[in-house]
Number of protein chains: 2
Amino acid sequence: MNSRTITIRDVAEQAGVSQSTVSRVLNCADTQIPISQETRQRVQRVAMELGYRPHPGARSLSGSGTGLIGIITREINDPFFAELIDVISNMAKEEGYDLVLGNAKREPENALALRDRMLDPRHCDGLLLCGDLRESAEDHTFLDSMGRDHRLVSVSRGSQHLVGSTPSVDIDNRKGALLALDYLAQLGHQRIACMNVGRVGDLWERLEAYREFMQEGFGGVPENYVQPTKNSYDGGYKATKRLLSLPTPPTALFAMDDTMAIGALGAAVDMGWAVPADLSIVGFDDMEVAAYVRPALTTVRQPTEELGRKALELLLTMIEGEVPCDPCPRLVLEPELIIRDSCGPPLDRQTSA
Amino acid sequence: MNSRTITIRDVAEQAGVSQSTVSRVLNCADTQIPISQETRQRVQRVAMELGYRPHPGARSLSGSGTGLIGIITREINDPFFAELIDVISNMAKEEGYDLVLGNAKREPENALALRDRMLDPRHCDGLLLCGDLRESAEDHTFLDSMGRDHRLVSVSRGSQHLVGSTPSVDIDNRKGALLALDYLAQLGHQRIACMNVGRVGDLWERLEAYREFMQEGFGGVPENYVQPTKNSYDGGYKATKRLLSLPTPPTALFAMDDTMAIGALGAAVDMGWAVPADLSIVGFDDMEVAAYVRPALTTVRQPTEELGRKALELLLTMIEGEVPCDPCPRLVLEPELIIRDSCGPPLDRQTSA
DNA sequence: TATGATAGTGCAATGGCTTGCAGTAAAGCA
DNA sequence: TGCTTTACTGCAAGCCATTGCACTATCATA
């Protein structure tokens with residue numbers, strides 16, 4: 001290993017050309033100025049041999065981007081987002097970008113501060129905003145306030161609520177929720193409960209679909225069937241305990257996401273309710289562990305891989321192609337119901353069956 | 001918002017001083033050159049008002065660090081590492097650093113490539129290597145080959161096996177394993193099985209402790225009681241199915257980590273084995289979900305928070321203080337047994353009890 | 001009043017890369 | 001042979017912050 005880092009100068013010298021030629025060759029610049037194939041190859045060979053790497057700072061200083069993409073996540077430590085980051089990080093590497101992590105820790109202010117820094121073109125070439133954080137309408141507008149001219153893509157934030165200036169990639173949360181709810185209804189459930197974690201775009205869309213479904217199918221939501229809680233294992237656990245203590249407890253639970261569903265599973269067992277005999281539970285996300293808990297979780301799968309790929313693809317188009325993207329791109333991907341073992345007919349149907 | 005980004009020039013102009021003064025004030029340079037309190041405050045005020053942020057590229061170009069810390073992880077999409085990243089990212093932000101993600105995807109070559117890039121001082125100020133990847137002795141030596149002069153800290157890689165040149169923060173895996181195994185033995189288990197995921201430092205240490213324990217306590221490991229597999233839900237599931245199909249199946253399982261333990265739980269149920277009545281299972285990590293599966297998982301808790309904090313702390317000392325760190329720091333933290341519901345006495349003891 | 005010390009300031013070089021434009025060599029043409 | 005055209009190559013000016021060193025006031029002392 002050389003002790004000194006190799007600069008473009010060294011490559012130029014070795015290859016017997018000027019720095020500018022090296023730069024032009026290595027950047028494959030679509031410049032008017034032609035360079036012979038022979039020179040090209042020689043430069044590339046020398047650069048390779050010397051193990052030359054351009055200085056990232058110098059590149060960004062002279063306006064060639066940072067090679068960095070920021071990714072602000074509602075909660076890194078949430079298996080769904082961990083999977084999403086995983087997908088995106090792999091693809092980013094393939095495309096020659098590194099990921100800079102921003103952890104919003106569920107706080108809109110954190111996300112805001114992170115966004116301000118990362119959206120600075122000198123910091124990152126682009127920014128992915130994963131998972132909604134809105135606690136109030138204002139916060140959301142604010143977070144949404146910098147649109148397409150800023151190389152920002154929203155992922156899984158609940159596209160329906162976005163004001164319109166940010167390109168986004170989402171799944172159809174409404175449809176996903178309906179997939180789950182229809183399935184429960186088909187099994188014979190009417191007393192279906194749900195969670196409410198606040199005005200968090202993606203989860204909120206599911207809740208709205210639930211409300212609509214209950215209204216249309218059963219004339220409304222039974223009292224206390226929408227339990228306010230946090231979206232976490234613990235949140236699901238506690239909310240379910242409350243639900244099952246209701247005078248008229250539900251026979252089924254649409255848990256909004258898999259962490260809550262798994263928490264719910266635990267709560268049901270602890271209270272002596274058998275799943276799915278006494279209580280059916282549907283999750284959302286289909287995170288890996290969902291298939292390994294027992295009973296295995298019936299859940300709505302998000303196409304995580306596709307979600308990540310499309311989001312990064314879109315962002316890269318914006319960064320590299322500088323596409324004006326008008327109308328503002330809004331991708332909505334399809335969720336899928338994965339039927340496993342956590343749902344069955346309600347008790348009354350079981351006896352009659 | 002100003003359309004043009006604010007440079008140090010603008011601040012200098014506004015404050016009526018020269019660029020160098022601004023730079024000196026803002027960096028709190030411990031220079032010999034004195035600057036009056038009044039000027040200091042004026043400059044700071046102006047910088048604040050103008051919302052000045054130094055250009056990261058320019059800073060790194062003139063040798064002042066990048067403000068970036070690389071974090072290469074065996075597998076982002078592994079709840080334990082996700083938790084670790086979470087901790088570290090929070091602390092890094094407090095310290096004014098951003099995290100650049102490197103996803104090794106379990107491949108040593110990936111980690112190597114990432115390391116080469118990130119260890120370049122022009123890329124990152126320091127590097128955290130989380131989780132061991134060694135598949136062979138050579139790979140490991142290689143990954144370890146750049147030591148303390150390179151602002152690199154190993155985290156959870158199995159300190160015992162590190163050759164000695166890399167500062168590290170680990171837990172005492174041997175002790176953790178013994179905590180679990182002693183507990184199982186105390187309950188009356190003798191037929192204790194285990195997983196083998198290859199020469200992956202941290203997990204390998206646990207396996208070695210297991211082997212030693214079985215040798216000393218019961219004169220050796222019963223045939224096929226160490227199941228080669230992957231460390232994942234699926235790996236645990238499959239290995240357990242194999243274990244329970246053995247002519248003389250185990251009465252207890254030390255699953256090496258929680259993902260495998262949860263996979264094991266699923267396999268046991270699927271094969272009609274009750275946990276803990278027919279099979280006791282101990283995990284390792286105490287990731288969040290461990291407390292919510294049923295039966296709740298008895299497991300060895302890693303002090304994840306402390307692990308992350310100490311690692312970053314150590315790295316920052318190396319970066320900022322340029323400490324020669326001799327002897328090479330090697331922190332070993334204490335694990336803790338968390339007793340929940342997945343263990344009980346073996347069948348024969350149950351009847352006699 | 002000159003001299004030296006002290007407090008405070010700013011010029012200008014530096015770092016590595018990109019890129020507009022000026023430059024040169026070679027080939028083509030009259 | 002002398003001219004234009006074509007096919008390339010390289011100079012040098014940025015980009016922005018850092019920092020060694022030289023500089024100017026100001027004041028106290030001899």
# chains A, B, ... in the order shown; residues from 1 in each chain; ligands from 1
>>> select_by_dssp(residues="stretch 135-331 of chain B", states="strand (DSSP E or B)", output="number ranges by chain")
B: 152-155, 168-171, 192-196, 226-228, 252-254, 280-285, 298-301, 330-331
>>> interface_residues(of="chain A", to="chain B", cutoff="8 Å", atoms="only C-alpha atoms", output="MDAnalysis selection string")
chainID A and resid 55:61 76:79 82:83 85:86 89:90 98:103 122:123 233:234 262:263 265:266 269 288:289 292:294
>>> interface_residues(of="chain D", to="chain A", cutoff="9 Å", atoms="only C-alpha atoms (C1' of nucleotides)", output="MDAnalysis selection string")
chainID D and resid 7:10 14:16
>>> closest_atom_pairs(of="chain C", to="chain B", cutoff="10 Å", atoms="only C-alpha atoms (C1' of nucleotides)", output="Markdown table")
| residue | atom | partner | partner_atom | distance |
| --- | --- | --- | --- | --- |
| C:DA7 | C1' | B:Pro34 | CA | 7.0 |
| C:DG8 | C1' | B:Ile35 | CA | 6.2 |
| C:DT9 | C1' | B:Ser18 | CA | 7.5 |
| C:DG10 | C1' | B:Ser18 | CA | 5.9 |
| C:DC11 | C1' | B:Ser18 | CA | 9.5 |
| C:DT14 | C1' | B:Ser62 | CA | 7.5 |
| C:DG15 | C1' | B:Leu61 | CA | 5.3 |
| C:DG16 | C1' | B:Leu61 | CA | 7.4 |
>>> write_last_selection(atoms="C-alpha atoms (C1' of nucleotides)", output="PDB file, in the first residue's frame")
ATOM      1  C1'  DA C   7      -3.226  42.222  21.110  1.00  0.00           C
ATOM      2  C1'  DG C   8      -5.586  41.559  17.165  1.00  0.00           C
ATOM      3  C1'  DT C   9      -6.220  40.970  12.009  1.00  0.00           C
ATOM      4  C1'  DG C  10      -5.807  39.414   7.246  1.00  0.00           C
ATOM      5  C1'  DC C  11      -3.173  37.797   3.050  1.00  0.00           C
ATOM      6  C1'  DT C  14      -3.092  24.841   0.025  1.00  0.00           C
ATOM      7  C1'  DG C  15      -5.949  20.661  -0.834  1.00  0.00           C
ATOM      8  C1'  DG C  16      -8.004  17.551  -5.372  1.00  0.00           C
TER       9       DG C  16
END
>>> residues_around(residues="A:Thr229", least_positions_apart="6", cutoff="10 Å", atoms="only C-alpha atoms (C1' of nucleotides)", output="PyMOL selection string")
chain A and resi 195-198+235-240+260
>>> write_last_selection(atoms="N, CA and C atoms", output="JSON list (two decimals), in the first residue's frame")
[["chain", "number", "residue", "atom", "x", "y", "z"],
["A", 195, "MET", "N", -56.28, -0.62, 15.74],
["A", 195, "MET", "CA", -55.43, 0.27, 16.54],
["A", 195, "MET", "C", -55.39, 1.65, 15.90],
["A", 196, "ASN", "N", -55.10, 2.63, 16.71],
["A", 196, "ASN", "CA", -54.91, 3.99, 16.21],
["A", 196, "ASN", "C", -53.62, 4.55, 16.79],
["A", 197, "VAL", "N", -52.67, 4.80, 15.93],
["A", 197, "VAL", "CA", -51.39, 5.30, 16.42],
["A", 197, "VAL", "C", -51.19, 6.78, 16.08],
["A", 198, "GLY", "N", -52.26, 7.43, 15.77],
["A", 198, "GLY", "CA", -52.16, 8.86, 15.47],
["A", 198, "GLY", "C", -52.06, 9.12, 13.98],
["A", 235, "GLY", "N", -46.98, -1.63, 22.30],
["A", 235, "GLY", "CA", -48.21, -0.93, 22.00],
["A", 235, "GLY", "C", -49.32, -1.90, 21.64],
["A", 236, "GLY", "N", -49.00, -2.89, 20.83],
["A", 236, "GLY", "CA", -49.97, -3.89, 20.43],
["A", 236, "GLY", "C", -50.42, -4.72, 21.62],
["A", 237, "TYR", "N", -49.48, -5.04, 22.46],
["A", 237, "TYR", "CA", -49.77, -5.85, 23.63],
["A", 237, "TYR", "C", -50.77, -5.15, 24.54],
["A", 238, "LYS", "N", -50.46, -3.92, 24.87],
["A", 238, "LYS", "CA", -51.30, -3.19, 25.82],
["A", 238, "LYS", "C", -52.69, -2.91, 25.24],
["A", 239, "ALA", "N", -52.72, -2.51, 24.00],
["A", 239, "ALA", "CA", -54.01, -2.19, 23.38],
["A", 239, "ALA", "C", -54.90, -3.43, 23.34],
["A", 240, "THR", "N", -54.30, -4.57, 23.06],
["A", 240, "THR", "CA", -55.08, -5.79, 22.97],
["A", 240, "THR", "C", -55.62, -6.20, 24.33],
["A", 260, "MET", "N", -47.37, -4.74, 16.15],
["A", 260, "MET", "CA", -48.56, -4.70, 17.00],
["A", 260, "MET", "C", -49.28, -6.04, 17.01]]
>>> residues_around(residues="D:DA28", least_positions_apart="3", cutoff="12 Å", atoms="only C-alpha atoms (C1' of nucleotides)", output="short mmCIF file (atom, residue, chain, number, x, y, z; two decimals) with C-alpha atoms (C1' of nucleotides), in the first residue's frame")
data_model
loop_
_atom_site.label_atom_id
_atom_site.label_comp_id
_atom_site.auth_asym_id
_atom_site.auth_seq_id
_atom_site.Cartn_x
_atom_site.Cartn_y
_atom_site.Cartn_z
"C1'" DT C 3 11.81 50.67 21.33
"C1'" DG C 4 9.78 46.52 22.40
"C1'" DA C 5 6.04 43.83 23.68
"C1'" DT C 6 1.29 42.58 23.10
#
>>> residues_around(residues="C:DA27", least_positions_apart="2", cutoff="12 Å", atoms="only C-alpha atoms (C1' of nucleotides)", output="list in words")
DA25 and DC29 of chain C; DT4, DT5, DT6 and DA7 of chain D
>>> residues_around(residues="D:DA13", least_positions_apart="6", cutoff="12 Å", atoms="only C-alpha atoms (C1' of nucleotides)", output="NGL selection string")
(:A and (62)) or (:C and (18-21))
>>> atom_distance(atom1="atom CA of A:Asp285", atom2="atom CA of A:Asp258")
6.0 Å
>>> atom_distance(atom1="atom CA of A:Val226", atom2="atom CA of A:Gly131")
21.6 Å
>>> select_by_dssp(residues="stretch 42-131 of chain A", states="alpha helix (DSSP H)", output="CSV table (one decimal) with N, CA and C atoms, in the first residue's frame")
chain,number,residue,atom,x,y,z
A,42,ARG,N,-5.5,3.5,-21.7
A,42,ARG,CA,-4.3,3.6,-20.9
A,42,ARG,C,-4.6,4.3,-19.6
A,43,VAL,N,-5.3,5.3,-19.6
A,43,VAL,CA,-5.7,6.1,-18.4
A,43,VAL,C,-6.4,5.2,-17.4
A,44,GLN,N,-7.4,4.5,-17.9
A,44,GLN,CA,-8.1,3.6,-17.1
A,44,GLN,C,-7.3,2.5,-16.4
A,45,ARG,N,-6.4,2.0,-17.2
A,45,ARG,CA,-5.5,0.9,-16.7
A,45,ARG,C,-4.6,1.5,-15.6
A,46,VAL,N,-4.0,2.6,-15.9
A,46,VAL,CA,-3.1,3.2,-14.9
A,46,VAL,C,-3.9,3.5,-13.6
A,47,ALA,N,-5.1,4.1,-13.7
A,47,ALA,CA,-5.9,4.4,-12.6
A,47,ALA,C,-6.2,3.2,-11.7
A,48,MET,N,-6.5,2.1,-12.4
A,48,MET,CA,-6.8,0.9,-11.8
A,48,MET,C,-5.5,0.4,-11.0
A,49,GLU,N,-4.4,0.4,-11.8
A,49,GLU,CA,-3.2,-0.1,-11.2
A,49,GLU,C,-2.8,0.7,-9.9
A,50,LEU,N,-2.9,1.9,-10.0
A,50,LEU,CA,-2.5,2.8,-8.9
A,50,LEU,C,-3.6,2.8,-7.8
A,56,PRO,N,-13.5,12.5,-2.4
A,56,PRO,CA,-14.9,12.8,-2.4
A,56,PRO,C,-15.2,14.3,-2.1
A,57,GLY,N,-14.4,14.8,-1.2
A,57,GLY,CA,-14.5,16.2,-0.9
A,57,GLY,C,-14.2,17.1,-2.0
A,58,ALA,N,-13.2,16.8,-2.7
A,58,ALA,CA,-12.8,17.6,-3.8
A,58,ALA,C,-13.8,17.6,-4.9
A,59,ARG,N,-14.4,16.4,-5.1
A,59,ARG,CA,-15.4,16.3,-6.1
A,59,ARG,C,-16.6,17.1,-5.8
A,60,SER,N,-17.0,17.0,-4.6
A,60,SER,CA,-18.2,17.8,-4.2
A,60,SER,C,-17.9,19.3,-4.2
A,61,LEU,N,-16.7,19.6,-3.9
A,61,LEU,CA,-16.3,21.0,-3.9
A,61,LEU,C,-16.4,21.6,-5.4
A,79,PRO,N,-38.6,-3.5,12.4
A,79,PRO,CA,-38.1,-4.5,11.4
A,79,PRO,C,-38.5,-4.1,10.0
A,80,PHE,N,-39.7,-3.5,9.8
A,80,PHE,CA,-40.1,-3.2,8.4
A,80,PHE,C,-39.1,-2.2,7.8
A,81,PHE,N,-38.8,-1.2,8.5
A,81,PHE,CA,-37.8,-0.2,8.0
A,81,PHE,C,-36.4,-0.8,7.9
A,82,ALA,N,-36.1,-1.6,8.8
A,82,ALA,CA,-34.8,-2.3,8.7
A,82,ALA,C,-34.7,-3.0,7.4
A,83,GLU,N,-35.8,-3.7,7.0
A,83,GLU,CA,-35.8,-4.5,5.8
A,83,GLU,C,-35.7,-3.5,4.6
A,84,LEU,N,-36.4,-2.4,4.7
A,84,LEU,CA,-36.4,-1.4,3.6
A,84,LEU,C,-35.0,-0.8,3.4
A,85,ILE,N,-34.4,-0.5,4.5
A,85,ILE,CA,-33.0,0.1,4.5
A,85,ILE,C,-32.1,-0.9,3.8
A,86,ASP,N,-32.3,-2.2,4.2
A,86,ASP,CA,-31.5,-3.3,3.7
A,86,ASP,C,-31.5,-3.3,2.2
A,87,VAL,N,-32.7,-3.3,1.7
A,87,VAL,CA,-32.9,-3.3,0.2
A,87,VAL,C,-32.3,-2.1,-0.4
A,88,ILE,N,-32.6,-1.0,0.1
A,88,ILE,CA,-32.1,0.3,-0.5
A,88,ILE,C,-30.5,0.3,-0.4
A,89,SER,N,-30.0,-0.1,0.7
A,89,SER,CA,-28.5,0.0,0.8
A,89,SER,C,-27.8,-0.9,-0.2
A,90,ASN,N,-28.4,-2.0,-0.5
A,90,ASN,CA,-27.8,-2.9,-1.5
A,90,ASN,C,-27.8,-2.3,-2.8
A,91,MET,N,-29.0,-1.7,-3.2
A,91,MET,CA,-29.1,-1.1,-4.5
A,91,MET,C,-28.3,0.1,-4.6
A,92,ALA,N,-28.2,0.9,-3.6
A,92,ALA,CA,-27.4,2.1,-3.6
A,92,ALA,C,-25.9,1.8,-3.9
A,93,LYS,N,-25.5,0.7,-3.2
A,93,LYS,CA,-24.1,0.3,-3.4
A,93,LYS,C,-23.8,0.0,-4.9
A,94,GLU,N,-24.8,-0.8,-5.4
A,94,GLU,CA,-24.6,-1.1,-6.9
A,94,GLU,C,-24.5,0.1,-7.7
A,108,PRO,N,-41.0,14.4,14.6
A,108,PRO,CA,-41.0,15.3,13.4
A,108,PRO,C,-39.9,16.3,13.4
A,109,GLU,N,-39.6,16.8,14.6
A,109,GLU,CA,-38.5,17.9,14.7
A,109,GLU,C,-37.2,17.3,14.3
A,110,ASN,N,-36.9,16.1,14.7
A,110,ASN,CA,-35.7,15.4,14.3
A,110,ASN,C,-35.6,15.3,12.8
A,111,ALA,N,-36.7,14.8,12.2
A,111,ALA,CA,-36.7,14.7,10.8
A,111,ALA,C,-36.4,16.0,10.1
A,112,LEU,N,-37.0,17.0,10.6
A,112,LEU,CA,-36.9,18.3,10.0
A,112,LEU,C,-35.5,18.8,10.0
A,113,ALA,N,-34.9,18.6,11.2
A,113,ALA,CA,-33.5,19.1,11.3
A,113,ALA,C,-32.6,18.3,10.4
A,114,LEU,N,-32.8,17.0,10.4
A,114,LEU,CA,-32.1,16.1,9.5
A,114,LEU,C,-32.2,16.5,8.0
A,115,ARG,N,-33.5,16.8,7.7
A,115,ARG,CA,-33.8,17.1,6.3
A,115,ARG,C,-33.0,18.4,5.9
A,116,ASP,N,-33.1,19.4,6.8
A,116,ASP,CA,-32.4,20.6,6.5
A,116,ASP,C,-30.9,20.4,6.1
A,117,ARG,N,-30.3,19.6,6.9
A,117,ARG,CA,-28.9,19.3,6.7
A,117,ARG,C,-28.7,18.5,5.5
A,118,MET,N,-29.4,17.4,5.4
A,118,MET,CA,-29.2,16.5,4.3
A,118,MET,C,-29.6,17.0,2.9
>>> residues_around(residues="B:Leu203", least_positions_apart="4", cutoff="12 Å", atoms="only C-alpha atoms (C1' of nucleotides)", output="VMD selection string")
chain B and resid 131 to 135 156 to 161 170 to 174 176 to 177 194 to 199 207 to 210 229 to 231 254 to 258 260 283 to 285
>>> atom_distance(atom1="atom CA of B:Gly126", atom2="atom CA of A:His150")
29.2 Å
